[in-house]
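Enquirer: This is the structure, below, for whatever I ask next.
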Protein chains: 2
Amino acid sequence: MDFVISERMKGMRGSAIREIFKYAADPSVISLAGGNPAPELFPNEALAKIAERFLREEPVLSLQYGITEGYNPLRQYVKERLSRVESIHREGDETIIVSGAQQGIELLSKVLLNEGDVVIVEQPSFIGATNAFRSYGARLVGVPVEEDGLDPDALEKALKENDRVKLIYTIPTFQNPTGTTMSLEKRRRVYELAKKYGVPILEDNPYGDLCFDGRRFPTIKSMDTEGLVIYSGSFSKVLAPGIRVGFLTGDAALIQKIVVAKQISDVHTPMLTQLLCHAYLTENDLEADIVKTRANYAHKSKTMMDAMEAYFPKDVQYIRPLGGLFIWCDLGHGIDTLALSKAAIAEKVVYVPGNTFMVDMDAPTSTLRLNYSTSSDERIEEGIRRLGRVFAAALQ
Amino acid sequence: MDFVISERMKGMRGSAIREIFKYAADPSVISLAGGNPAPELFPNEALAKIAERFLREEPVLSLQYGITEGYNPLRQYVKERLSRVESIHREGDETIIVSGAQQGIELLSKVLLNEGDVVIVEQPSFIGATNAFRSYGARLVGVPVEEDGLDPDALEKALKENDRVKLIYTIPTFQNPTGTTMSLEKRRRVYELAKKYGVPILEDNPYGDLCFDGRRFPTIKSMDTEGLVIYSGSFSKVLAPGIRVGFLTGDAALIQKIVVAKQISDVHTPMLTQLLCHAYLTENDLEADIVKTRANYAHKSKTMMDAMEAYFPKDVQYIRPLGGLFIWCDLGHGIDTLALSKAAIAEKVVYVPGNTFMVDMDAPTSTLRLNYSTSSDERIEEGIRRLGRVFAAALQ
């Protein structure tokens, strides 16, 4: 039997990053490709005690069906922390717990996007989000990212020139994949443009807690007097990604529609992972954990950049991040980093070629993304040394 | 800001069942509405030990990102058990782990259904599935369910008379909501019709293990020489629903497309819940657990039917199930069970009105679904006594 795939999914391919994972399973391969948080920071002993306690003492709560909106104490915790840490506390907003921030983006796409609608995205941008938009038949319009965030003039041009713009998608802080952080002035400008053109913003902020020097950048959502910003957050980067717990905060009527979509999608996020999250976050000092995570990533990013200075050809350009997980590089000279990734795999090192993050994934690009959060110092250095050889050969 | 909801989701409402859950949170209300397994059967002590062990000893496996296809040992376990217990072992098939069977149905819908495609469903049928089809703009065509399963002549008529039939959806064993079981002859006929008209079947079998007397009914998938049956299974009813682990087995190329859709939807099912499932299933005797669950449900269904004989007006018709979780009742006499549910709530008992399960949810119906798996004997008896009063008043 030949199955006829739906129009929306026909052209969809698996994420190159998830495919690269398969190479990375070989321990002799150094992966600078993933977006995995540092596993040595997982609070696994504390989580083990919590899981044991809930399963033993609260079997019905842990194992029976739950409500779609999410475990209520966790929702309350999220609201309280958003208000305290991010100044997000708009009257008339609601919060839903989702199975990782990815699910929030997918459900929002399902609820908002008709075939042919336009989503304005940063170029480059996070493949998980762009693929979610694509999977509902949206047309993507890219706006270039500069060192201080997306180009607002290009955003206004995109808003003006395109009919049916349904959403602006941005990761203002430690953007994936570029690691750039949007200036306060640009955040204000983006919000004003969204208001002027009546287009909602999806603000994705998985890395906001991870500034190397502990700074916080004001979220666009904190400026949202009109209720046009939907804010996506995650516990993947401050607790652990394998538990798949994130949240979406925005206009209550819109969130109610997302609840309906989630009911259809997976009924609810597993109770146990929500309980783990809530108990860990309320019984421990998350802010102290985050201080450790920041220090770890500050150190690892420095290790990577020091190695890049030592081993990369001088022509390789890169952006120094203020936080997050990624360094964005540009080899220039018309080098196709997708083609070059084969040479890197032969040297047992993997990165993510830049085309993955582009609106047109088929056009060659000389850019690539490196991750420093997952590997040990030794493997970061050795990985960069190997890449240096690959790049030097390509640039000769 | 007024959000413009997508065409596909505009008309979607929350499941009445999940809404009824909100009343059921009041402990003085007896819920015969849910589809919750018996919580006293959850193997919570064993799961507590497993969770504690994995989180302590295997932090990276338990907490880091995993692959979208699912935890490989769990996939292998599912394949092995399907082969052993259900004679499902077609060459060229694959299995993906999903976040509850609901997710498998939603992802299959996303991958197969274009706006305006037809899905043939049993009438009545499971709202979670019908809503998934609706949420991708499918048109539902209902085929009546008889005591020995759907009417195959009506199925052939539906296949003949409708263009663009993309899928046949059936729950052959202990159907939700009717509790009916399809005869072997009808299963063969349904398969032959699907083959003749070139339309795939989604066979949903969450209750197949739960025959009161231990019988097994041959799955349609076990007859599938052509690869046209996609089989959906779940650990919700034999282990616990709150962990949200299910699976989908079918043609490998189709499953590969579903992997892409799942990557976009939630990246992967949480590692911890998959590990809990796999370790519990391989370290314990699932078949012995199932014997206990069956005996429990046989007893509870008898408790409910005995109470119905004692307290329901004689005019109330119902179908005696051979297994599963549900009893389907018909009050006749033009009674609208949706309207009547208000009177039931006033008497502190809830059921699911039959319209919930119909293709046209707005047409009044005299049918309703009762669940016996969740409540204690005492509450089943008291709930039926209360309903008896409500029905008697309505039928006067």
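Just so we're on the same page: first chain in the structure tokens is A, next is B, and so on; residues restart at 1 for each chain, and ligands are numbered from 1 in the order they show up.
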Matching every Cα in sequence order between the two identical chains, what are the coordinates of chain B once fitted onto chain A? Write them as a compact mmCIF listing (two decimals) with C-alpha atoms, in the first residue's frame.
Expert:
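To be explicit, this is the file written out as selection-v9.txt:
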# COMPACT_ATOMS: atom_id res chain seq x y z
CA MET B 1 0.03 0.03 -0.06
CA ASP B 2 1.34 3.48 -0.97
CA PHE B 3 0.17 6.05 1.52
CA VAL B 4 -0.68 9.46 0.10
CA ILE B 5 0.86 11.97 2.49
CA SER B 6 -1.07 15.18 3.26
CA GLU B 7 -0.10 18.35 1.41
CA ARG B 8 1.11 19.97 4.63
CA MET B 9 3.51 17.15 5.52
CA LYS B 10 4.52 15.96 2.04
CA GLY B 11 7.64 18.10 1.79
CA MET B 12 8.62 17.97 5.46
CA ARG B 13 11.97 16.43 6.27
CA GLY B 14 13.39 15.40 9.60
CA SER B 15 15.51 18.00 11.33
CA ALA B 16 19.13 17.71 10.21
CA ILE B 17 20.11 18.18 13.85
CA ARG B 18 18.18 15.14 14.98
CA GLU B 19 19.69 13.18 12.07
CA ILE B 20 23.18 14.26 13.13
CA PHE B 21 22.40 12.81 16.57
CA LYS B 22 22.70 9.41 14.95
CA TYR B 23 26.39 10.02 14.14
CA ALA B 24 26.89 11.51 17.57
CA ALA B 25 25.88 8.20 19.16
CA ASP B 26 29.39 6.95 18.22
CA PRO B 27 31.52 7.98 21.24
CA SER B 28 34.56 8.61 19.04
CA VAL B 29 32.59 11.38 17.30
CA ILE B 30 32.65 14.76 19.05
CA SER B 31 29.29 16.45 18.66
CA LEU B 32 29.25 20.23 18.65
CA ALA B 33 25.87 19.91 16.94
CA GLY B 34 23.22 19.39 19.63
CA GLY B 35 21.52 21.90 21.82
CA ASN B 36 21.77 19.64 24.83
CA PRO B 37 22.27 21.18 28.26
CA ALA B 38 25.23 20.05 30.33
CA PRO B 39 24.28 16.64 31.78
CA GLU B 40 26.62 17.08 34.79
CA LEU B 41 24.23 19.79 36.01
CA PHE B 42 21.11 17.59 36.11
CA PRO B 43 19.91 17.43 39.75
CA ASN B 44 19.31 13.72 39.36
CA GLU B 45 19.71 12.72 43.02
CA ALA B 46 17.07 15.19 44.15
CA LEU B 47 14.76 14.13 41.31
CA ALA B 48 15.23 10.45 42.22
CA LYS B 49 14.00 11.15 45.75
CA ILE B 50 11.04 13.17 44.51
CA ALA B 51 9.97 10.56 41.94
CA GLU B 52 10.20 7.79 44.51
CA ARG B 53 8.21 9.83 47.04
CA PHE B 54 5.36 10.78 44.69
CA LEU B 55 4.97 7.35 43.15
CA ARG B 56 4.88 5.76 46.59
CA GLU B 57 2.76 8.32 48.43
CA GLU B 58 0.59 9.82 45.70
CA PRO B 59 -0.08 6.99 43.22
CA VAL B 60 -3.33 8.40 41.88
CA LEU B 61 -1.94 11.91 41.39
CA SER B 62 1.21 10.51 39.74
CA LEU B 63 -0.36 7.87 37.50
CA GLN B 64 -4.01 8.67 36.74
CA TYR B 65 -5.19 10.96 33.92
CA GLY B 66 -4.74 14.64 34.68
CA ILE B 67 -6.27 17.81 33.31
CA THR B 68 -5.12 19.22 29.98
CA GLU B 69 -4.21 22.68 31.30
CA GLY B 70 -1.48 21.14 33.45
CA TYR B 71 -0.85 20.38 37.12
CA ASN B 72 -2.29 23.41 38.84
CA PRO B 73 0.48 24.03 41.41
CA LEU B 74 3.04 23.98 38.58
CA ARG B 75 0.98 26.51 36.60
CA GLN B 76 0.83 28.73 39.68
CA TYR B 77 4.59 28.39 40.17
CA VAL B 78 5.23 29.38 36.55
CA LYS B 79 2.97 32.43 36.86
CA GLU B 80 4.63 33.50 40.10
CA ARG B 81 8.17 33.11 38.73
CA LEU B 82 7.32 34.88 35.45
CA SER B 83 5.99 37.78 37.48
CA ARG B 84 8.94 37.86 39.88
CA VAL B 85 11.80 37.28 37.44
CA GLU B 86 10.51 38.57 34.08
CA SER B 87 7.89 41.15 35.12
CA ILE B 88 5.32 39.17 33.15
CA HIS B 89 1.93 39.47 34.85
CA ARG B 90 -0.65 40.77 32.44
CA GLU B 91 -4.28 40.68 33.59
CA GLY B 92 -6.26 38.50 31.22
CA ASP B 93 -3.39 36.16 30.42
CA GLU B 94 -3.28 32.44 31.16
CA THR B 95 -0.62 29.73 31.27
CA ILE B 96 -0.74 26.17 29.96
CA ILE B 97 1.84 23.48 30.72
CA VAL B 98 3.08 21.81 27.54
CA SER B 99 5.26 18.80 26.73
CA GLY B 100 8.35 20.92 26.08
CA ALA B 101 8.32 24.38 24.51
CA GLN B 102 8.31 22.69 21.10
CA GLN B 103 4.76 21.50 21.75
CA GLY B 104 3.63 25.02 22.62
CA ILE B 105 4.95 26.29 19.28
CA GLU B 106 3.32 23.42 17.38
CA LEU B 107 -0.06 23.89 19.08
CA LEU B 108 0.01 27.65 18.54
CA SER B 109 0.72 27.00 14.85
CA LYS B 110 -2.21 24.60 14.63
CA VAL B 111 -4.53 27.09 16.30
CA LEU B 112 -3.48 30.18 14.32
CA LEU B 113 -2.10 29.29 10.90
CA ASN B 114 -4.07 28.69 7.74
CA GLU B 115 -2.40 27.36 4.62
CA GLY B 116 -0.61 30.27 2.92
CA ASP B 117 -0.45 32.51 5.99
CA VAL B 118 2.86 34.29 6.49
CA VAL B 119 5.08 33.91 9.56
CA ILE B 120 7.91 36.41 9.86
CA VAL B 121 10.97 34.72 11.36
CA GLU B 122 14.48 35.77 12.18
CA GLN B 123 16.89 34.52 9.56
CA PRO B 124 18.55 32.29 10.69
CA SER B 125 16.11 30.83 13.22
CA PHE B 126 15.33 27.73 15.29
CA ILE B 127 14.45 24.80 13.01
CA GLY B 128 11.95 23.32 15.48
CA ALA B 129 9.82 26.44 15.21
CA THR B 130 10.23 27.04 11.47
CA ASN B 131 9.30 23.40 10.80
CA ALA B 132 6.21 23.75 13.01
CA PHE B 133 5.10 26.76 10.92
CA ARG B 134 5.91 24.95 7.67
CA SER B 135 3.97 21.89 8.80
CA TYR B 136 0.76 23.97 8.74
CA GLY B 137 1.47 25.32 5.27
CA ALA B 138 2.74 28.73 6.39
CA ARG B 139 5.00 30.76 4.14
CA LEU B 140 8.10 31.98 5.99
CA VAL B 141 9.51 35.45 5.45
CA GLY B 142 12.99 35.94 6.91
CA VAL B 143 14.27 39.10 8.58
CA PRO B 144 18.06 39.32 9.01
CA VAL B 145 19.59 39.03 12.47
CA GLU B 146 22.27 41.55 13.40
CA GLU B 147 24.61 41.44 16.42
CA ASP B 148 22.01 43.36 18.46
CA GLY B 149 19.03 41.35 17.20
CA LEU B 150 16.75 41.37 14.19
CA ASP B 151 16.73 44.32 11.80
CA PRO B 152 13.55 46.27 12.65
CA ASP B 153 13.49 48.13 9.34
CA ALA B 154 13.47 44.81 7.52
CA LEU B 155 10.71 43.68 9.89
CA GLU B 156 8.58 46.70 9.03
CA LYS B 157 9.20 46.13 5.33
CA ALA B 158 8.08 42.49 5.72
CA LEU B 159 4.97 43.58 7.61
CA LYS B 160 4.13 46.15 4.94
CA GLU B 161 4.82 44.06 1.89
CA ASN B 162 3.12 40.82 2.85
CA ASP B 163 -0.57 40.14 3.10
CA ARG B 164 -1.81 37.66 5.66
CA VAL B 165 1.06 38.02 8.14
CA LYS B 166 -0.23 35.94 11.05
CA LEU B 167 2.72 35.85 13.43
CA ILE B 168 6.15 37.29 14.20
CA TYR B 169 8.46 34.69 15.72
CA THR B 170 11.49 35.86 17.69
CA ILE B 171 14.06 34.56 20.19
CA PRO B 172 15.31 37.91 21.50
CA THR B 173 17.77 36.59 24.08
CA PHE B 174 20.77 34.39 23.11
CA GLN B 175 19.06 33.60 19.87
CA ASN B 176 19.21 30.11 18.40
CA PRO B 177 21.36 29.70 16.30
CA THR B 178 23.24 33.04 16.33
CA GLY B 179 23.65 33.56 20.09
CA THR B 180 22.79 37.25 19.59
CA THR B 181 20.78 39.34 22.05
CA MET B 182 18.30 41.97 20.94
CA SER B 183 18.88 45.47 22.30
CA LEU B 184 16.23 47.07 24.52
CA GLU B 185 15.54 49.68 21.88
CA LYS B 186 14.91 47.03 19.24
CA ARG B 187 12.64 45.06 21.60
CA ARG B 188 10.52 48.19 22.04
CA ARG B 189 10.51 48.79 18.30
CA VAL B 190 9.48 45.19 17.53
CA TYR B 191 6.61 45.46 20.00
CA GLU B 192 5.47 48.80 18.52
CA LEU B 193 5.58 47.37 14.99
CA ALA B 194 3.53 44.35 16.04
CA LYS B 195 0.98 46.70 17.60
CA LYS B 196 0.94 49.02 14.58
CA TYR B 197 0.33 46.17 12.14
CA GLY B 198 -1.91 44.13 14.48
CA VAL B 199 0.24 41.01 14.28
CA PRO B 200 0.89 38.83 17.35
CA ILE B 201 4.42 37.99 18.49
CA LEU B 202 5.57 34.57 19.62
CA GLU B 203 8.45 35.34 21.99
CA ASP B 204 10.50 32.21 22.57
CA ASN B 205 12.76 32.48 25.60
CA PRO B 206 14.34 29.13 26.48
CA TYR B 207 17.75 30.62 27.30
CA GLY B 208 16.84 33.86 29.14
CA ASP B 209 18.15 32.55 32.48
CA LEU B 210 21.53 31.72 31.03
CA CYS B 211 23.37 35.05 30.78
CA PHE B 212 27.04 34.42 31.63
CA ASP B 213 27.23 37.46 33.92
CA GLY B 214 23.76 37.05 35.45
CA ARG B 215 22.12 39.95 33.65
CA ARG B 216 18.50 39.72 32.54
CA PHE B 217 17.21 41.32 29.39
CA PRO B 218 13.66 42.69 29.53
CA THR B 219 11.30 40.37 27.70
CA ILE B 220 9.05 41.78 24.99
CA LYS B 221 6.19 40.13 26.89
CA SER B 222 6.89 42.42 29.88
CA MET B 223 6.03 45.39 27.61
CA ASP B 224 2.80 43.78 26.42
CA THR B 225 -0.10 46.03 27.37
CA GLU B 226 -2.28 44.84 24.45
CA GLY B 227 -2.07 41.07 24.97
CA LEU B 228 -0.45 40.48 21.60
CA VAL B 229 2.62 38.60 22.84
CA ILE B 230 2.55 34.85 23.43
CA TYR B 231 5.49 33.86 25.59
CA SER B 232 7.08 30.42 25.40
CA GLY B 233 9.29 29.06 28.17
CA SER B 234 10.87 25.78 29.12
CA PHE B 235 12.47 23.88 31.97
CA SER B 236 14.71 22.02 29.50
CA LYS B 237 17.65 24.36 29.91
CA VAL B 238 17.49 25.00 33.66
CA LEU B 239 16.34 21.57 34.88
CA ALA B 240 16.48 18.83 32.22
CA PRO B 241 15.19 18.44 28.66
CA GLY B 242 14.32 14.74 28.76
CA ILE B 243 11.37 15.40 31.08
CA ARG B 244 9.73 17.52 28.32
CA VAL B 245 8.07 20.24 30.38
CA GLY B 246 7.52 23.75 29.10
CA PHE B 247 4.80 26.37 29.17
CA LEU B 248 3.01 28.96 27.09
CA THR B 249 1.61 32.21 28.50
CA GLY B 250 -0.68 34.57 26.66
CA ASP B 251 -4.20 35.84 26.09
CA ALA B 252 -6.60 33.61 28.04
CA ALA B 253 -9.03 33.00 25.14
CA LEU B 254 -6.16 31.97 22.89
CA ILE B 255 -4.71 29.68 25.58
CA GLN B 256 -8.17 28.12 25.97
CA LYS B 257 -8.09 27.21 22.26
CA ILE B 258 -4.61 25.78 22.75
CA VAL B 259 -6.01 23.66 25.59
CA VAL B 260 -8.49 22.19 23.10
CA ALA B 261 -5.65 21.49 20.65
CA LYS B 262 -3.53 19.90 23.38
CA GLN B 263 -6.43 17.69 24.46
CA ILE B 264 -6.44 16.34 20.90
CA SER B 265 -2.64 16.11 20.77
CA ASP B 266 -1.66 14.22 23.93
CA VAL B 267 -4.51 14.78 26.46
CA HIS B 268 -2.05 16.15 29.02
CA THR B 269 1.66 16.29 29.83
CA PRO B 270 2.60 13.27 31.99
CA MET B 271 1.75 13.86 35.63
CA LEU B 272 5.03 12.47 36.95
CA THR B 273 7.23 14.84 34.95
CA GLN B 274 5.07 17.80 36.02
CA LEU B 275 5.27 16.68 39.67
CA LEU B 276 9.06 16.28 39.39
CA CYS B 277 9.30 19.78 38.01
CA HIS B 278 7.04 21.38 40.58
CA ALA B 279 8.49 19.62 43.62
CA TYR B 280 12.07 20.24 42.53
CA LEU B 281 11.43 23.92 41.81
CA THR B 282 9.61 24.60 45.07
CA GLU B 283 11.86 22.50 47.34
CA ASN B 284 15.18 23.68 45.94
CA ASP B 285 16.84 26.95 45.06
CA LEU B 286 16.45 27.22 41.29
CA GLU B 287 18.14 30.61 41.22
CA ALA B 288 21.24 29.08 42.87
CA ASP B 289 21.21 26.24 40.29
CA ILE B 290 21.03 28.82 37.53
CA VAL B 291 24.08 30.61 38.93
CA LYS B 292 25.99 27.33 38.60
CA THR B 293 24.69 26.67 35.09
CA ARG B 294 25.65 30.17 33.98
CA ALA B 295 29.18 29.80 35.37
CA ASN B 296 29.52 26.43 33.65
CA TYR B 297 28.40 27.83 30.28
CA ALA B 298 30.51 30.98 30.66
CA HIS B 299 33.51 28.72 31.21
CA LYS B 300 32.68 26.34 28.37
CA SER B 301 32.01 29.13 25.90
CA LYS B 302 35.37 30.66 26.80
CA THR B 303 37.04 27.27 26.38
CA MET B 304 35.50 27.01 22.93
CA MET B 305 36.37 30.54 21.85
CA ASP B 306 39.95 30.19 23.15
CA ALA B 307 40.27 26.99 21.12
CA MET B 308 38.76 28.73 18.08
CA GLU B 309 41.36 31.49 18.41
CA ALA B 310 44.09 28.87 18.59
CA TYR B 311 42.93 26.42 15.91
CA PHE B 312 40.57 28.11 13.44
CA PRO B 313 41.89 29.84 10.33
CA LYS B 314 41.83 33.62 10.84
CA ASP B 315 39.18 34.03 8.13
CA VAL B 316 36.49 32.31 10.21
CA GLN B 317 34.18 34.97 11.65
CA TYR B 318 32.05 34.32 14.69
CA ILE B 319 29.73 36.10 17.12
CA ARG B 320 30.70 36.16 20.82
CA PRO B 321 27.54 35.28 22.78
CA LEU B 322 26.54 36.88 26.10
CA GLY B 323 24.78 33.68 27.17
CA GLY B 324 22.90 30.66 25.91
CA LEU B 325 24.35 27.59 24.24
CA PHE B 326 25.60 28.51 20.79
CA ILE B 327 28.32 30.17 18.72
CA TRP B 328 27.54 31.13 15.13
CA CYS B 329 30.41 31.00 12.65
CA ASP B 330 30.84 32.15 9.09
CA LEU B 331 33.58 30.68 6.90
CA GLY B 332 32.89 33.02 3.97
CA HIS B 333 34.63 32.38 0.66
CA GLY B 334 31.57 30.69 -0.80
CA ILE B 335 32.16 27.57 1.23
CA ASP B 336 29.12 25.29 1.51
CA THR B 337 29.04 24.11 5.12
CA LEU B 338 26.51 21.38 4.34
CA ALA B 339 28.91 19.78 1.85
CA LEU B 340 31.78 20.39 4.26
CA SER B 341 30.01 18.54 7.07
CA LYS B 342 30.96 15.26 5.34
CA ALA B 343 34.63 16.14 5.74
CA ALA B 344 33.97 16.99 9.38
CA ILE B 345 32.23 13.66 9.98
CA ALA B 346 35.29 11.97 8.43
CA GLU B 347 37.37 13.79 11.08
CA LYS B 348 34.87 12.61 13.71
CA VAL B 349 33.38 15.97 14.62
CA VAL B 350 29.89 17.27 13.83
CA TYR B 351 28.34 20.75 13.67
CA VAL B 352 25.03 22.01 12.28
CA PRO B 353 25.34 23.59 8.83
CA GLY B 354 23.72 27.02 8.61
CA ASN B 355 21.25 26.15 5.85
CA THR B 356 19.26 24.20 8.48
CA PHE B 357 18.19 27.51 10.04
CA MET B 358 17.33 29.37 6.84
CA VAL B 359 13.97 30.04 5.21
CA ASP B 360 15.37 28.44 2.06
CA MET B 361 17.12 25.35 3.38
CA ASP B 362 18.33 24.36 -0.08
CA ALA B 363 20.53 27.42 -0.70
CA PRO B 364 24.19 26.81 0.24
CA THR B 365 25.59 28.92 3.08
CA SER B 366 29.02 29.42 4.59
CA THR B 367 27.61 29.60 8.13
CA LEU B 368 27.35 26.97 10.85
CA ARG B 369 26.32 26.56 14.49
CA LEU B 370 28.52 25.24 17.29
CA ASN B 371 27.31 24.12 20.72
CA TYR B 372 29.51 24.26 23.82
CA SER B 373 27.11 23.20 26.57
CA THR B 374 27.11 19.44 26.09
CA SER B 375 30.78 18.46 25.88
CA SER B 376 33.62 18.43 28.39
CA ASP B 377 36.44 20.98 28.09
CA GLU B 378 38.72 18.33 26.63
CA ARG B 379 36.22 17.33 23.95
CA ILE B 380 35.42 20.96 23.12
CA GLU B 381 39.13 21.63 22.58
CA GLU B 382 39.68 18.46 20.58
CA GLY B 383 36.52 19.06 18.54
CA ILE B 384 37.61 22.59 17.65
CA ARG B 385 41.11 21.32 16.80
CA ARG B 386 39.57 18.77 14.39
CA LEU B 387 37.26 21.40 12.89
CA GLY B 388 40.25 23.74 12.52
CA ARG B 389 41.91 21.14 10.28
CA VAL B 390 38.72 20.69 8.22
CA PHE B 391 38.22 24.45 7.81
CA ALA B 392 41.88 25.09 6.98
CA ALA B 393 41.76 22.47 4.24
CA ALA B 394 38.55 23.97 2.85
CA LEU B 395 39.88 27.52 2.92
CA GLN B 396 43.14 26.71 1.18
Enquirer: Could you write out, as a list in words, all the residues of segment 114-199 of chain B that DSSP marks as strand (DSSP E)?
Expert: Val118, Val119, Ile120, Val121, Glu122, Gln123, Arg139, Leu140, Val141, Gly142, Val143, Pro144, Val145, Glu146, Gly149, Leu150, Val165, Lys166, Leu167, Ile168, Tyr169 and Thr170 of chain B
Enquirer: Hey, can you spit out that residue selection with C-alpha atoms as a CSV table (one decimal), in the first residue's frame?
Expert:
chain,number,residue,atom,x,y,z
B,118,VAL,CA,-13.3,11.7,4.4
B,119,VAL,CA,-12.7,9.5,7.5
B,120,ILE,CA,-15.2,6.6,8.0
B,121,VAL,CA,-15.8,6.1,11.7
B,122,GLU,CA,-18.0,3.9,13.7
B,123,GLN,CA,-21.0,5.7,15.0
B,139,ARG,CA,-15.4,15.1,7.0
B,140,LEU,CA,-16.6,12.2,9.1
B,141,VAL,CA,-18.9,9.6,7.7
B,142,GLY,CA,-20.5,7.4,10.4
B,143,VAL,CA,-21.2,3.6,10.0
B,144,PRO,CA,-23.6,2.1,12.6
B,145,VAL,CA,-22.2,-0.2,15.3
B,146,GLU,CA,-24.2,-3.4,15.9
B,149,GLY,CA,-19.4,-4.6,15.5
B,150,LEU,CA,-19.8,-2.2,12.7
B,165,VAL,CA,-12.0,8.4,1.7
B,166,LYS,CA,-8.6,8.6,3.3
B,167,LEU,CA,-9.1,6.3,6.4
B,168,ILE,CA,-11.3,3.8,8.1
B,169,TYR,CA,-11.2,4.2,11.9
B,170,THR,CA,-12.3,1.3,14.1
Enquirer: DSSP on the backbone, then: every residue of segment 39-100 of chain B marked alpha helix (DSSP H), written as a ChimeraX atom specification.
Expert: /B:44-57,59-63,72-86
